[in-house]
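Here's coords.cif, which has mmCIF, C-alpha atoms and all ligand atoms:
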data_upload
loop_
_atom_site.group_PDB
_atom_site.id
_atom_site.type_symbol
_atom_site.label_atom_id
_atom_site.label_comp_id
_atom_site.auth_asym_id
_atom_site.auth_seq_id
_atom_site.Cartn_x
_atom_site.Cartn_y
_atom_site.Cartn_z
ATOM 1 C CA MET Y 499 89.068 63.007 144.294
ATOM 2 C CA SER Y 500 87.305 64.588 141.389
ATOM 3 C CA THR Y 501 84.315 63.877 139.225
ATOM 4 C CA ASN Y 502 83.486 64.530 135.617
ATOM 5 C CA ALA Y 503 79.770 64.372 134.914
ATOM 6 C CA LEU Y 504 80.413 63.791 131.201
ATOM 7 C CA LEU Y 505 82.783 60.819 131.612
ATOM 8 C CA SER Y 506 80.340 57.995 131.938
ATOM 9 C CA GLY Y 507 81.422 54.851 133.807
ATOM 10 C CA GLY Y 508 78.274 52.790 133.237
ATOM 11 C CA PRO Y 509 75.013 52.410 131.330
ATOM 12 C CA LEU Y 510 72.890 54.576 133.659
ATOM 13 C CA SER Y 511 75.213 57.574 133.548
ATOM 14 C CA GLY Y 512 75.596 56.855 129.815
ATOM 15 C CA GLU Y 513 71.855 57.356 129.504
ATOM 16 C CA ILE Y 514 72.129 60.726 131.234
ATOM 17 C CA ALA Y 515 75.117 61.726 129.096
ATOM 18 C CA GLN Y 516 73.172 60.797 125.955
ATOM 19 C CA LEU Y 517 70.210 62.894 127.117
ATOM 20 C CA PHE Y 518 72.586 65.778 127.832
ATOM 21 C CA TRP Y 519 74.011 65.649 124.310
ATOM 22 C CA ILE Y 520 70.538 65.440 122.739
ATOM 23 C CA PHE Y 521 69.546 68.606 124.619
ATOM 24 C CA VAL Y 522 72.830 70.357 123.788
ATOM 25 C CA GLY Y 523 72.592 69.343 120.110
ATOM 26 C CA ILE Y 524 69.000 70.502 119.650
ATOM 27 C CA ALA Y 525 69.534 73.698 121.648
ATOM 28 C CA ALA Y 526 72.661 74.495 119.596
ATOM 29 C CA PHE Y 527 70.763 73.882 116.357
ATOM 30 C CA VAL Y 528 67.903 76.178 117.467
ATOM 31 C CA TYR Y 529 70.403 78.828 118.543
ATOM 32 C CA VAL Y 530 72.199 78.793 115.195
ATOM 33 C CA VAL Y 531 68.910 78.985 113.261
ATOM 34 C CA VAL Y 532 67.590 81.872 115.393
ATOM 35 C CA ILE Y 533 70.854 83.821 115.125
ATOM 36 C CA GLY Y 534 70.883 83.104 111.368
ATOM 37 C CA PHE Y 535 67.417 84.595 110.908
ATOM 38 C CA LEU Y 536 68.345 87.530 113.132
ATOM 39 C CA VAL Y 537 71.430 88.325 111.032
ATOM 40 C CA PHE Y 538 69.381 87.921 107.871
ATOM 41 C CA ALA Y 539 66.683 90.297 109.175
ATOM 42 C CA LEU Y 540 69.213 92.905 110.296
ATOM 43 C CA ARG Y 541 70.922 92.909 106.903
ATOM 44 C CA ARG Y 542 67.603 93.374 105.093
ATOM 45 C CA ARG Y 543 66.387 96.111 107.353
ATOM 46 C CA GLU Y 544 68.030 99.074 105.665
ATOM 47 C CA GLY Y 545 65.472 100.877 103.492
ATOM 48 C CA ALA Y 546 63.001 97.981 103.752
ATOM 49 C CA ARG Y 547 59.396 98.559 104.694
ATOM 50 C CA ALA Y 548 56.754 96.316 106.192
ATOM 51 C CA ALA Y 549 54.791 94.519 103.470
ATOM 52 C CA PRO Y 550 51.114 95.530 103.115
ATOM 53 C CA ALA Y 551 48.776 93.254 105.079
ATOM 54 C CA ASP Y 552 47.260 91.456 102.096
ATOM 55 C CA SER Y 553 50.408 91.058 100.005
ATOM 56 C CA PRO Y 554 52.035 87.684 99.118
ATOM 57 C CA ALA Y 555 55.054 88.684 101.259
ATOM 58 C CA ALA Y 556 52.821 89.109 104.319
ATOM 59 C CA HIS Y 557 51.206 85.720 103.687
ATOM 60 C CA ARG Y 558 54.687 84.142 103.437
ATOM 61 C CA ALA Y 559 55.632 85.721 106.751
ATOM 62 C CA VAL Y 560 52.514 84.378 108.465
ATOM 63 C CA ARG Y 561 53.207 80.895 107.043
ATOM 64 C CA ALA Y 562 56.833 81.058 108.204
ATOM 65 C CA ILE Y 563 55.748 82.006 111.725
ATOM 66 C CA GLY Y 564 53.204 79.172 111.739
ATOM 67 C CA ILE Y 565 55.857 76.666 110.656
ATOM 68 C CA SER Y 566 58.288 77.949 113.317
ATOM 69 C CA VAL Y 567 55.666 77.515 116.057
ATOM 70 C CA GLY Y 568 54.964 73.983 114.764
ATOM 71 C CA VAL Y 569 58.671 73.082 114.724
ATOM 72 C CA THR Y 570 59.089 74.505 118.235
ATOM 73 C CA ALA Y 571 56.225 72.353 119.497
ATOM 74 C CA VAL Y 572 57.736 69.247 117.851
ATOM 75 C CA ILE Y 573 61.135 69.986 119.395
ATOM 76 C CA LEU Y 574 59.606 70.391 122.859
ATOM 77 C CA VAL Y 575 57.753 67.090 122.474
ATOM 78 C CA VAL Y 576 60.961 65.332 121.334
ATOM 79 C CA LEU Y 577 62.837 66.703 124.364
ATOM 80 C CA ALA Y 578 60.051 65.748 126.764
ATOM 81 C CA VAL Y 579 59.804 62.208 125.354
ATOM 82 C CA SER Y 580 63.592 61.626 125.458
ATOM 83 C CA ASP Y 581 63.648 62.947 129.034
ATOM 84 C CA PHE Y 582 60.841 60.556 129.970
ATOM 85 C CA MET Y 583 62.529 57.574 128.274
ATOM 86 C CA SER Y 584 65.860 58.260 130.002
ATOM 87 C CA ASN Y 585 64.139 58.575 133.349
ATOM 88 C CA ARG Y 586 62.477 55.194 132.850
ATOM 89 C CA VAL Y 587 65.885 53.587 132.291
ATOM 90 C CA ILE Y 588 67.534 55.347 135.244
ATOM 91 C CA ALA Y 589 64.720 54.691 137.714
ATOM 92 C CA ALA Y 590 63.964 51.088 136.639
ATOM 93 C CA THR Y 591 64.016 48.503 139.441
ATOM 94 C CA PRO Y 592 67.165 46.422 138.884
ATOM 95 C CA GLN Y 593 67.255 42.635 138.653
ATOM 96 C CA ASP Y 594 69.175 40.820 141.412
ATOM 97 C CA PRO Y 595 70.817 43.945 142.832
ATOM 98 C CA LEU Y 596 73.460 44.102 145.524
ATOM 99 C CA ARG Y 597 71.657 45.995 148.278
ATOM 100 C CA VAL Y 598 73.536 48.657 150.180
ATOM 101 C CA ARG Y 599 72.115 50.778 152.944
ATOM 102 C CA VAL Y 600 73.507 54.329 152.921
ATOM 103 C CA THR Y 601 72.918 56.702 155.826
ATOM 104 C CA ALA Y 602 74.109 60.276 155.505
ATOM 105 C CA HIS Y 603 75.414 62.060 158.583
ATOM 106 C CA GLN Y 604 76.913 65.495 159.091
ATOM 107 C CA TRP Y 605 79.460 64.981 157.416
ATOM 108 C CA TRP Y 606 80.122 61.395 156.505
ATOM 109 C CA TRP Y 607 78.473 58.399 154.909
ATOM 110 C CA GLU Y 608 77.589 55.230 156.779
ATOM 111 C CA ILE Y 609 77.514 52.256 154.410
ATOM 112 C CA GLU Y 610 76.122 48.820 155.155
ATOM 113 C CA TYR Y 611 75.920 45.921 152.718
ATOM 114 C CA VAL Y 612 72.626 44.178 153.322
ATOM 115 C CA ASP Y 613 72.662 40.386 153.450
ATOM 116 C CA PRO Y 614 69.867 38.084 154.639
ATOM 117 C CA ASP Y 615 72.513 36.438 156.836
ATOM 118 C CA PRO Y 616 73.361 39.029 159.548
ATOM 119 C CA THR Y 617 76.879 37.581 159.959
ATOM 120 C CA ARG Y 618 77.571 38.490 156.323
ATOM 121 C CA ARG Y 619 76.752 42.173 156.647
ATOM 122 C CA VAL Y 620 79.617 44.523 155.989
ATOM 123 C CA ARG Y 621 79.737 47.969 157.583
ATOM 124 C CA THR Y 622 82.058 50.654 156.339
ATOM 125 C CA ALA Y 623 82.164 54.414 155.842
ATOM 126 C CA ASN Y 624 82.832 56.888 153.065
ATOM 127 C CA GLU Y 625 83.977 54.170 150.675
ATOM 128 C CA LEU Y 626 81.690 52.162 148.447
ATOM 129 C CA HIS Y 627 83.007 49.072 146.686
ATOM 130 C CA LEU Y 628 80.965 47.592 143.883
ATOM 131 C CA PRO Y 629 81.241 44.642 141.534
ATOM 132 C CA VAL Y 630 81.516 45.490 137.839
ATOM 133 C CA GLY Y 631 78.365 44.759 135.857
ATOM 134 C CA ARG Y 632 76.045 44.011 138.768
ATOM 135 C CA PRO Y 633 73.484 46.669 139.728
ATOM 136 C CA VAL Y 634 74.018 48.089 143.198
ATOM 137 C CA GLN Y 635 70.857 49.386 144.744
ATOM 138 C CA LEU Y 636 71.441 52.077 147.343
ATOM 139 C CA GLU Y 637 68.706 52.306 149.973
ATOM 140 C CA MET Y 638 69.323 55.724 151.391
ATOM 141 C CA THR Y 639 68.263 57.786 154.359
ATOM 142 C CA ALA Y 640 69.686 60.610 156.455
ATOM 143 C CA ASP Y 641 70.355 60.879 160.153
ATOM 144 C CA ASP Y 642 70.109 64.619 160.674
ATOM 145 C CA VAL Y 643 69.424 66.968 157.750
ATOM 146 C CA ILE Y 644 68.775 66.503 154.033
ATOM 147 C CA HIS Y 645 71.801 65.351 152.040
ATOM 148 C CA SER Y 646 72.085 64.292 148.418
ATOM 149 C CA PHE Y 647 74.104 61.457 146.934
ATOM 150 C CA TRP Y 648 75.500 62.463 143.566
ATOM 151 C CA ALA Y 649 77.503 59.924 141.582
ATOM 152 C CA PRO Y 650 77.715 61.536 138.132
ATOM 153 C CA GLU Y 651 79.970 58.843 136.660
ATOM 154 C CA LEU Y 652 77.599 56.003 137.588
ATOM 155 C CA ASN Y 653 74.139 57.600 137.718
ATOM 156 C CA GLY Y 654 72.523 60.875 138.703
ATOM 157 C CA LYS Y 655 71.619 62.388 142.026
ATOM 158 C CA LYS Y 656 69.158 61.466 144.749
ATOM 159 C CA ASP Y 657 68.300 63.181 148.021
ATOM 160 C CA LEU Y 658 68.591 61.457 151.397
ATOM 161 C CA LEU Y 659 65.844 62.489 153.778
ATOM 162 C CA PRO Y 660 65.593 61.838 157.520
ATOM 163 C CA GLY Y 661 62.987 59.166 158.243
ATOM 164 C CA TYR Y 662 62.397 58.324 154.586
ATOM 165 C CA LEU Y 663 63.945 55.797 152.238
ATOM 166 C CA THR Y 664 65.015 56.702 148.705
ATOM 167 C CA THR Y 665 66.776 54.427 146.226
ATOM 168 C CA LEU Y 666 69.402 54.929 143.568
ATOM 169 C CA THR Y 667 70.908 52.268 141.328
ATOM 170 C CA LEU Y 668 74.575 52.296 140.361
ATOM 171 C CA ILE Y 669 76.091 50.168 137.601
ATOM 172 C CA ALA Y 670 79.810 50.316 136.835
ATOM 173 C CA ALA Y 671 80.738 49.035 133.389
ATOM 174 C CA ARG Y 672 84.455 48.762 134.128
ATOM 175 C CA ALA Y 673 86.769 48.483 137.093
ATOM 176 C CA GLY Y 674 88.175 51.731 138.422
ATOM 177 C CA ASP Y 675 87.802 54.588 140.871
ATOM 178 C CA TYR Y 676 84.813 56.875 140.903
ATOM 179 C CA THR Y 677 83.607 59.588 143.257
ATOM 180 C CA ALA Y 678 80.279 60.571 144.739
ATOM 181 C CA GLU Y 679 79.676 63.817 146.541
ATOM 182 C CA CYS Y 680 77.033 65.352 148.718
ATOM 183 C CA ALA Y 681 75.045 67.662 146.451
ATOM 184 C CA GLU Y 682 72.682 69.288 148.941
ATOM 185 C CA PHE Y 683 73.959 71.997 151.258
ATOM 186 C CA CYS Y 684 73.933 70.280 154.643
ATOM 187 C CA GLY Y 685 75.969 72.581 156.844
ATOM 188 C CA PHE Y 686 79.485 73.719 157.500
ATOM 189 C CA GLN Y 687 81.356 70.784 155.959
ATOM 190 C CA HIS Y 688 79.034 70.037 153.054
ATOM 191 C CA ALA Y 689 82.006 70.344 150.681
ATOM 192 C CA ASN Y 690 83.948 67.660 152.602
ATOM 193 C CA MET Y 691 81.430 64.890 152.224
ATOM 194 C CA ARG Y 692 82.597 62.524 149.524
ATOM 195 C CA VAL Y 693 82.393 58.827 148.839
ATOM 196 C CA ALA Y 694 85.317 57.072 147.189
ATOM 197 C CA MET Y 695 83.792 54.419 144.944
ATOM 198 C CA VAL Y 696 85.849 51.472 143.760
ATOM 199 C CA ALA Y 697 84.495 49.138 141.080
ATOM 200 C CA HIS Y 698 86.115 45.679 141.081
ATOM 201 C CA ASP Y 699 85.892 42.657 138.856
ATOM 202 C CA PRO Y 700 83.463 40.252 140.582
ATOM 203 C CA ALA Y 701 86.245 37.975 141.912
ATOM 204 C CA ASP Y 702 88.159 40.952 143.339
ATOM 205 C CA PHE Y 703 84.977 42.261 144.868
ATOM 206 C CA GLY Y 704 84.395 38.889 146.529
ATOM 207 C CA ARG Y 705 87.881 39.036 148.051
ATOM 208 C CA TRP Y 706 87.328 42.591 149.296
ATOM 209 C CA TYR Y 707 83.982 41.567 150.802
ATOM 210 C CA ASP Y 708 85.413 38.533 152.582
ATOM 211 C CA ALA Y 709 88.259 40.638 153.983
ATOM 212 C CA GLN Y 710 85.748 43.172 155.312
ATOM 213 C CA LEU Y 711 83.868 40.398 157.121
ATOM 214 C CA GLN Y 712 86.945 39.665 159.223
ATOM 215 C CA PRO Y 713 87.377 41.282 162.655
ATOM 216 C CA GLY Y 714 90.009 43.988 163.096
ATOM 217 C CA ALA Y 715 93.561 42.734 162.530
ATOM 218 C CA GLU Y 716 95.388 41.588 165.673
ATOM 219 C CA PRO Y 717 98.345 43.841 166.540
ATOM 220 C CA ALA Y 718 101.460 42.228 165.057
ATOM 221 C CA SER Y 719 104.061 44.179 167.058
ATOM 222 C CA PRO Y 720 104.458 45.746 170.531
ATOM 223 C CA ASP Y 721 104.008 49.205 168.996
ATOM 224 C CA LEU Y 722 100.693 48.201 167.410
ATOM 225 C CA LEU Y 723 99.615 46.517 170.642
ATOM 226 C CA ARG Y 724 100.348 49.752 172.475
ATOM 227 C CA GLY Y 725 98.286 51.570 169.827
ATOM 228 C CA ARG Y 726 95.327 49.309 170.491
ATOM 229 C CA ASP Y 727 95.668 49.799 174.245
ATOM 230 C CA VAL Y 728 95.720 53.571 173.728
ATOM 231 C CA LEU Y 729 92.570 53.321 171.636
ATOM 232 C CA LEU Y 730 90.741 51.112 174.115
ATOM 233 C CA GLY Y 731 91.751 53.417 176.974
ATOM 234 C CA SER Y 732 90.617 56.587 175.234
ATOM 235 C CA THR Y 733 87.282 58.179 174.360
ATOM 236 C CA CYS Y 734 87.571 56.810 170.759
ATOM 237 C CA VAL Y 735 85.584 53.733 171.813
ATOM 238 C CA MET Y 736 82.526 55.805 172.669
ATOM 239 C CA CYS Y 737 81.911 56.652 169.010
ATOM 240 C CA HIS Y 738 83.764 54.056 166.926
ATOM 241 C CA ASN Y 739 83.458 50.324 166.416
ATOM 242 C CA ILE Y 740 86.337 47.955 165.756
ATOM 243 C CA THR Y 741 84.937 44.445 165.531
ATOM 244 C CA GLY Y 742 86.875 41.994 167.702
ATOM 245 C CA THR Y 743 87.969 44.626 170.225
ATOM 246 C CA GLY Y 744 86.053 46.316 173.021
ATOM 247 C CA ALA Y 745 85.376 49.343 170.817
ATOM 248 C CA SER Y 746 81.727 49.263 169.816
ATOM 249 C CA GLY Y 747 80.539 52.852 169.443
ATOM 250 C CA VAL Y 748 78.103 53.539 166.630
ATOM 251 C CA THR Y 749 77.886 57.326 166.326
ATOM 252 C CA GLY Y 750 81.050 57.612 164.227
ATOM 253 C CA PRO Y 751 82.422 55.643 161.281
ATOM 254 C CA ASP Y 752 83.207 51.950 161.764
ATOM 255 C CA LEU Y 753 86.993 51.612 161.961
ATOM 256 C CA THR Y 754 87.350 47.817 161.712
ATOM 257 C CA HIS Y 755 89.160 48.172 158.377
ATOM 258 C CA VAL Y 756 89.974 51.883 158.427
ATOM 259 C CA GLY Y 757 93.549 51.192 157.271
ATOM 260 C CA SER Y 758 92.257 49.853 153.959
ATOM 261 C CA ARG Y 759 90.498 53.092 153.093
ATOM 262 C CA ARG Y 760 91.913 55.750 150.845
ATOM 263 C CA TRP Y 761 90.727 58.838 152.674
ATOM 264 C CA ILE Y 762 90.184 60.282 156.144
ATOM 265 C CA GLY Y 763 87.188 62.428 157.073
ATOM 266 C CA ALA Y 764 85.028 61.676 153.996
ATOM 267 C CA GLY Y 765 87.624 62.871 151.527
ATOM 268 C CA ALA Y 766 89.238 65.572 153.704
ATOM 269 C CA LEU Y 767 92.732 63.979 153.714
ATOM 270 C CA PRO Y 768 94.558 61.047 152.115
ATOM 271 C CA ASN Y 769 94.850 58.182 154.606
ATOM 272 C CA ASP Y 770 98.281 57.548 156.133
ATOM 273 C CA PRO Y 771 99.619 57.336 159.713
ATOM 274 C CA ALA Y 772 100.959 60.910 159.810
ATOM 275 C CA ARG Y 773 97.674 62.377 158.643
ATOM 276 C CA LEU Y 774 95.728 60.081 160.989
ATOM 277 C CA SER Y 775 97.765 61.618 163.843
ATOM 278 C CA ALA Y 776 96.964 65.106 162.589
ATOM 279 C CA TRP Y 777 93.286 64.217 162.303
ATOM 280 C CA ILE Y 778 93.043 62.658 165.776
ATOM 281 C CA SER Y 779 94.815 65.521 167.532
ATOM 282 C CA ASP Y 780 93.175 68.386 165.639
ATOM 283 C CA PRO Y 781 90.101 67.408 163.619
ATOM 284 C CA GLN Y 782 88.672 70.929 163.888
ATOM 285 C CA GLY Y 783 91.772 72.361 162.248
ATOM 286 C CA ILE Y 784 91.288 70.045 159.257
ATOM 287 C CA LYS Y 785 87.501 69.963 159.038
ATOM 288 C CA PRO Y 786 86.049 72.825 161.111
ATOM 289 C CA GLY Y 787 82.653 71.929 162.541
ATOM 290 C CA THR Y 788 83.143 68.162 162.391
ATOM 291 C CA HIS Y 789 81.518 66.370 165.311
ATOM 292 C CA MET Y 790 84.760 64.542 166.055
ATOM 293 C CA PRO Y 791 86.371 66.014 169.181
ATOM 294 C CA ALA Y 792 90.134 66.446 169.500
ATOM 295 C CA THR Y 793 91.970 63.756 171.477
ATOM 296 C CA GLN Y 794 95.074 64.943 173.297
ATOM 297 C CA LEU Y 795 97.672 62.188 173.532
ATOM 298 C CA GLU Y 796 101.328 62.067 174.329
ATOM 299 C CA GLY Y 797 103.476 61.899 171.149
ATOM 300 C CA LYS Y 798 104.427 58.216 171.320
ATOM 301 C CA ASP Y 799 100.879 57.158 172.178
ATOM 302 C CA LEU Y 800 99.527 59.160 169.266
ATOM 303 C CA THR Y 801 102.009 57.575 166.850
ATOM 304 C CA ALA Y 802 101.246 54.084 168.151
ATOM 305 C CA LEU Y 803 97.507 54.730 167.831
ATOM 306 C CA SER Y 804 97.847 55.991 164.259
ATOM 307 C CA ASN Y 805 100.053 53.048 163.300
ATOM 308 C CA TYR Y 806 97.527 50.668 164.811
ATOM 309 C CA LEU Y 807 94.639 52.273 162.888
ATOM 310 C CA ALA Y 808 96.682 52.167 159.677
ATOM 311 C CA SER Y 809 97.332 48.445 160.296
ATOM 312 C CA LEU Y 810 93.592 47.712 160.280
ATOM 313 C CA LYS Y 811 93.525 46.706 156.637
HETATM 314 CU CU1 LIG F 1 75.761 66.315 153.144
HETATM 315 CU CU2 LIG F 1 75.929 68.256 151.808
#

Could you take the file, read its structure, and then write that structure out as structure tokens?
Ligand code: CUA
Amino acid sequence: MSTNALLSGGPLSGEIAQLFWIFVGIAAFVYVVVIGFLVFALRRREGARAAPADSPAAHRAVRAIGISVGVTAVILVVLAVSDFMSNRVIAATPQDPLRVRVTAHQWWWEIEYVDPDPTRRVRTANELHLPVGRPVQLEMTADDVIHSFWAPELNGKKDLLPGYLTTLTLIAARAGDYTAECAEFCGFQHANMRVAMVAHDPADFGRWYDAQLQPGAEPASPDLLRGRDVLLGSTCVMCHNITGTGASGVTGPDLTHVGSRRWIGAGALPNDPARLSAWISDPQGIKPGTHMPATQLEGKDLTALSNYLASLK
């Protein structure tokens, strides 16, 4: 996963990109003018003397300095006003937003789609799906320390504070993959705290949402059944939820549809059965400091468990 702050994927990040280029353009212009005058002054210096105080040359110099101060003031006002205007656009309250509750943990993101009907709430982790064109309003808080949600391709950055709600609006202009990262140092694994964001056409988004509302897939083979039994007989259930099974822990990411996700450990590893096995048996080796403890399982049990998790699409 990677991000490019200058590749805008929507109108809000476009606003920031535009502001960036205004600042860069004006600053570059000022730089060239200043260096130009400096070169000019250095070339004239040889044998030149300061003009007498009351001479026309001295008056010209005073006027030039006055004009430069005036131009500088105008430039600063232009920059301040464009900054203010961009901020108004970025921070505006969106119309008819999709509301998503985001809770930052050391070191993963809990994501819940808010719906007035509690049976239509979707819980997931580290992966944010959004419909193209519709504003998504993130209502964000943190569970432990201060984190910061930074989605440069869809908007800017906003801190998540324990016990306090902050909001950030995302709008994706086209379908595709985007990335958000934690942008506030929050401990050992701050660098492994990413959100894979997937923007869908509205119909695709509807299908994804409906699939997420379903309980965890029933095991379709004896191997997968064994995997589920291993899970339900292990300590996994104390931290993780899989709707439709006995697993209902809430301290770790919801795993009801973990097999549909692209990454393991908030962007630490691509998601496949072999890497799930590696993650389950040695999370500290992959993400030192993570609060997930290692689970020692016999080889066949571990494989069955990983296959079962991967089958939870
Ligand atoms: Cu969370 Cu840095």

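Between CA of Leu663 (chain Y) and CA of Ala764 (chain Y) the separation is 22.0 Å.
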
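Near ligand LIG 1 (chain F), at distances of 10 Å or less and with only C-alpha atoms and all ligand atoms counted, sit the residues Ala602, His603, Gln604, Trp605, Trp606, Trp607, Ala640, Asp642, Val643, Ile644, His645, Ser646, Phe647, Asp657, Leu658, Glu679, Cys680, Ala681, Glu682, Phe683, Cys684, Gly685, Phe686, Gln687, His688, Ala689, Asn690, Met691 and Arg692 of chain Y.
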
- Message: So, with only C-alpha atoms as the atoms that count, which of Y:Met695, Y:Glu513, Y:Ala623, Y:Gly783 lies closest to His755 (chain Y)?
- Response: Y:Ala623

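Between CA of Pro791 (chain Y) and CA of Pro720 (chain Y) lies a distance of 27.2 Å.
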
- Message: Which residues are near Pro781 (chain Y)? Cut-off 12 Å, all atoms listed in the file, ignore same chain within fewer than 2 positions. Put them as a VMD selection string.
- Response: chain Y and resid 762 to 763 766 to 767 773 to 779 783 to 794

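Between Leu666 (chain Y) and the residues Y:Val572, Y:Leu636, Y:Leu722, Y:Ala802, the shortest atom-to-atom distance, using all atoms listed in the file, involves Y:Leu636.
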
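You can rank Y:Gly731, Y:Glu796, Y:Thr601, Y:Gln712 by their closest distance to Leu810 (chain Y) using all atoms listed in the file, and at the top of that list sits Y:Gln712.
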
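Of note, CA of Gly568 (chain Y) and CA of Ala515 (chain Y) are spaced 27.6 Å apart.
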
Would you fill the gaps in region 565-572 of chain Y so it has all heavy atoms, then print it as a compact mmCIF listing (two decimals), in the frame of the given file?
# COMPACT_ATOMS: atom_id res chain seq x y z
N ILE Y 565 54.95 77.82 110.72
CA ILE Y 565 55.86 76.67 110.66
C ILE Y 565 56.82 76.67 111.85
O ILE Y 565 57.05 75.64 112.49
CB ILE Y 565 56.63 76.68 109.32
CG1 ILE Y 565 55.66 76.39 108.16
CG2 ILE Y 565 57.76 75.64 109.33
CD1 ILE Y 565 56.26 76.59 106.78
N SER Y 566 57.34 77.86 112.20
CA SER Y 566 58.29 77.95 113.32
C SER Y 566 57.63 77.50 114.62
O SER Y 566 58.24 76.77 115.42
CB SER Y 566 58.79 79.39 113.50
OG SER Y 566 59.25 79.88 112.27
N VAL Y 567 56.38 77.93 114.84
CA VAL Y 567 55.67 77.52 116.06
C VAL Y 567 55.49 76.00 116.06
O VAL Y 567 55.71 75.33 117.08
CB VAL Y 567 54.30 78.23 116.15
CG1 VAL Y 567 53.45 77.63 117.27
CG2 VAL Y 567 54.50 79.73 116.38
N GLY Y 568 55.13 75.45 114.87
CA GLY Y 568 54.96 73.98 114.76
C GLY Y 568 56.26 73.26 115.07
O GLY Y 568 56.28 72.30 115.86
N VAL Y 569 57.38 73.73 114.49
CA VAL Y 569 58.67 73.08 114.72
C VAL Y 569 59.06 73.16 116.21
O VAL Y 569 59.53 72.20 116.81
CB VAL Y 569 59.77 73.72 113.83
CG1 VAL Y 569 61.16 73.25 114.24
CG2 VAL Y 569 59.50 73.41 112.37
N THR Y 570 58.79 74.33 116.81
CA THR Y 570 59.09 74.50 118.24
C THR Y 570 58.32 73.49 119.07
O THR Y 570 58.87 72.85 119.98
CB THR Y 570 58.72 75.94 118.69
OG1 THR Y 570 59.42 76.86 117.86
CG2 THR Y 570 59.10 76.16 120.14
N ALA Y 571 57.05 73.31 118.75
CA ALA Y 571 56.22 72.35 119.50
C ALA Y 571 56.79 70.94 119.33
O ALA Y 571 56.90 70.19 120.31
CB ALA Y 571 54.77 72.42 119.01
N VAL Y 572 57.19 70.59 118.09
CA VAL Y 572 57.74 69.25 117.85
C VAL Y 572 59.02 69.05 118.66
O VAL Y 572 59.23 68.02 119.30
CB VAL Y 572 58.00 69.03 116.34
CG1 VAL Y 572 58.81 67.76 116.11
CG2 VAL Y 572 56.67 68.96 115.58
